[in-house]
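Quick notes on the structure that follows.
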Amino acid sequence: MPGTRSSSPLTGPRSLLPALGAALPVVILGTTLISILLAVAETFGLSTGQTSTLIVACYGVSGLVSLGMTFAFRQPLFIIWNSSSMIFLASLAADYSYREMMGATFVAG
């Protein structure tokens, strides 16, 4: 038909642009939230190894779950730890040890 434009789907590398556009803000948010984890580690006086384990537990597990859900549902889905719970955890550092807090988190979860 004259005067009509056909919309063709994106092909090639351009087909990734919508997914990258949706993922970019999530990646930026996830990277900036590492400061909360580092503050929690400093508050509890964690060693380098314990801090690394905390970061891997928070980012690694949620990253793998997010990746699995993204492939399963074919859309960018991001699962991340709750930053307000980490702030609450850090506020209790004067009353409880890190081991006590992790044990309570494990039992409650």
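By order in the structure tokens, chains are A, B, ...; within a chain, residues start at 1; ligands start at 1, following the order shown.
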Discussion item. Env of A:Ser85: 12 Å cut, atoms = only C-alpha atoms, seq-sep filter 4 positions within chain, self excluded. Answer as a PyMOL selection string.
Written reply: chain A and resi 36-37+40+58+80-81+89-92+101+105
Could you take the residues named above and write them with N, CA, C and O atoms, as an mmCIF file, in the first residue's frame?
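Saved result, part.cif, follows:
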data_model
loop_
_atom_site.group_PDB
_atom_site.id
_atom_site.type_symbol
_atom_site.label_atom_id
_atom_site.label_comp_id
_atom_site.auth_asym_id
_atom_site.auth_seq_id
_atom_site.Cartn_x
_atom_site.Cartn_y
_atom_site.Cartn_z
ATOM 1 N N ILE A 36 26.892 -0.199 50.660
ATOM 2 C CA ILE A 36 26.169 -0.652 51.857
ATOM 3 C C ILE A 36 26.816 -1.909 52.413
ATOM 4 O O ILE A 36 27.022 -2.035 53.619
ATOM 5 N N LEU A 37 27.154 -2.845 51.532
ATOM 6 C CA LEU A 37 27.810 -4.068 51.985
ATOM 7 C C LEU A 37 29.154 -3.783 52.634
ATOM 8 O O LEU A 37 29.517 -4.378 53.647
ATOM 9 N N VAL A 40 28.562 -2.394 56.088
ATOM 10 C CA VAL A 40 28.185 -3.461 57.019
ATOM 11 C C VAL A 40 29.432 -4.242 57.437
ATOM 12 O O VAL A 40 29.619 -4.548 58.619
ATOM 13 N N CYS A 58 25.696 -12.091 48.514
ATOM 14 C CA CYS A 58 24.644 -11.138 48.135
ATOM 15 C C CYS A 58 24.534 -10.970 46.626
ATOM 16 O O CYS A 58 23.430 -10.957 46.073
ATOM 17 N N ILE A 80 17.629 -9.018 43.771
ATOM 18 C CA ILE A 80 18.753 -8.510 44.568
ATOM 19 C C ILE A 80 18.365 -8.549 46.038
ATOM 20 O O ILE A 80 17.188 -8.557 46.387
ATOM 21 N N TRP A 81 19.367 -8.586 46.873
ATOM 22 C CA TRP A 81 19.154 -8.565 48.316
ATOM 23 C C TRP A 81 18.513 -7.239 48.710
ATOM 24 O O TRP A 81 18.609 -6.244 48.014
ATOM 25 N N LEU A 89 20.669 -4.593 59.667
ATOM 26 C CA LEU A 89 21.677 -5.516 60.174
ATOM 27 C C LEU A 89 22.870 -4.742 60.751
ATOM 28 O O LEU A 89 23.353 -5.053 61.830
ATOM 29 N N ALA A 90 23.306 -3.723 60.044
ATOM 30 C CA ALA A 90 24.433 -2.921 60.514
ATOM 31 C C ALA A 90 24.080 -2.140 61.773
ATOM 32 O O ALA A 90 24.944 -1.906 62.629
ATOM 33 N N SER A 91 22.821 -1.744 61.920
ATOM 34 C CA SER A 91 22.435 -0.983 63.110
ATOM 35 C C SER A 91 22.463 -1.844 64.376
ATOM 36 O O SER A 91 22.531 -1.323 65.478
ATOM 37 N N LEU A 92 22.404 -3.154 64.225
ATOM 38 C CA LEU A 92 22.432 -4.058 65.372
ATOM 39 C C LEU A 92 23.833 -4.560 65.708
ATOM 40 O O LEU A 92 23.990 -5.419 66.576
ATOM 41 N N MET A 101 24.189 -12.758 63.984
ATOM 42 C CA MET A 101 23.293 -12.171 62.986
ATOM 43 C C MET A 101 23.120 -13.099 61.787
ATOM 44 O O MET A 101 22.019 -13.269 61.277
ATOM 45 N N THR A 105 19.684 -14.850 60.603
ATOM 46 C CA THR A 105 19.223 -14.671 59.225
ATOM 47 C C THR A 105 18.966 -16.009 58.559
ATOM 48 O O THR A 105 17.969 -16.193 57.856
#
Worksheet entry | Length of the atom CA of A:Pro18 to atom CA of A:Phe73 vector [Å] |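 Atom-to-atom, atom CA of A:Pro18 and atom CA of A:Phe73 are spaced 15.3 Å apart.
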Worksheet entry | Selected residue, from A:Phe78, A:Tyr59, A:Phe106, A:Phe88, that lies nearest to A:Thr43 when counting only C-alpha atoms |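 For A:Thr43, the nearest of the given residues is A:Phe88.
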Discussion item. Taking only C-alpha atoms into account, name the residue in A:Leu46, A:Met69, A:Leu77, A:Ile34 that is nearest to A:Ala22.
Written reply: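 Checking each of A:Leu46, A:Met69, A:Leu77, A:Ile34 against A:Ala22, counting only C-alpha atoms, the winner is A:Leu77.
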Practice prompt. Could you tell me how far atom CA of A:Val26 lies from atom CA of A:Ser83, in Å and to one decimal?
Written response: 13.9 Å
Item to complete: Go ahead and compute the interatomic distance for atom CA of A:Ile55 and atom CA of A:Leu17, in Å to one decimal.
Response: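 Value for the atom CA of A:Ile55-atom CA of A:Leu17 distance: 29.1 Å.
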Worksheet entry | For A:Gln75: contacts at 12 Å, only C-alpha atoms, fewer than 5 positions along chain excluded, given as a list of chain:residue names |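 Those residues are A:Leu16, A:Pro18, A:Ala19, A:Leu20, A:Gly21, A:Ala22, A:Ala23, A:Ser66, A:Leu67, A:Gly68, A:Met69, A:Thr70.
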Worksheet item: Can you list, as JSON, numbers by chain, every residue of stretch 14-99 of chain A that DSSP puts in alpha helix (DSSP H)?
Response: {"A": [17, 18, 19, 20, 21, 22, 23, 24, 25, 26, 27, 28, 29, 30, 31, 32, 34, 35, 36, 37, 38, 39, 40, 41, 42, 43, 44, 48, 49, 50, 51, 52, 53, 54, 55, 61, 62, 63, 64, 65, 66, 67, 68, 69, 70, 71, 72, 73, 83, 84, 85, 86, 87, 88, 89, 90, 91, 98, 99]}
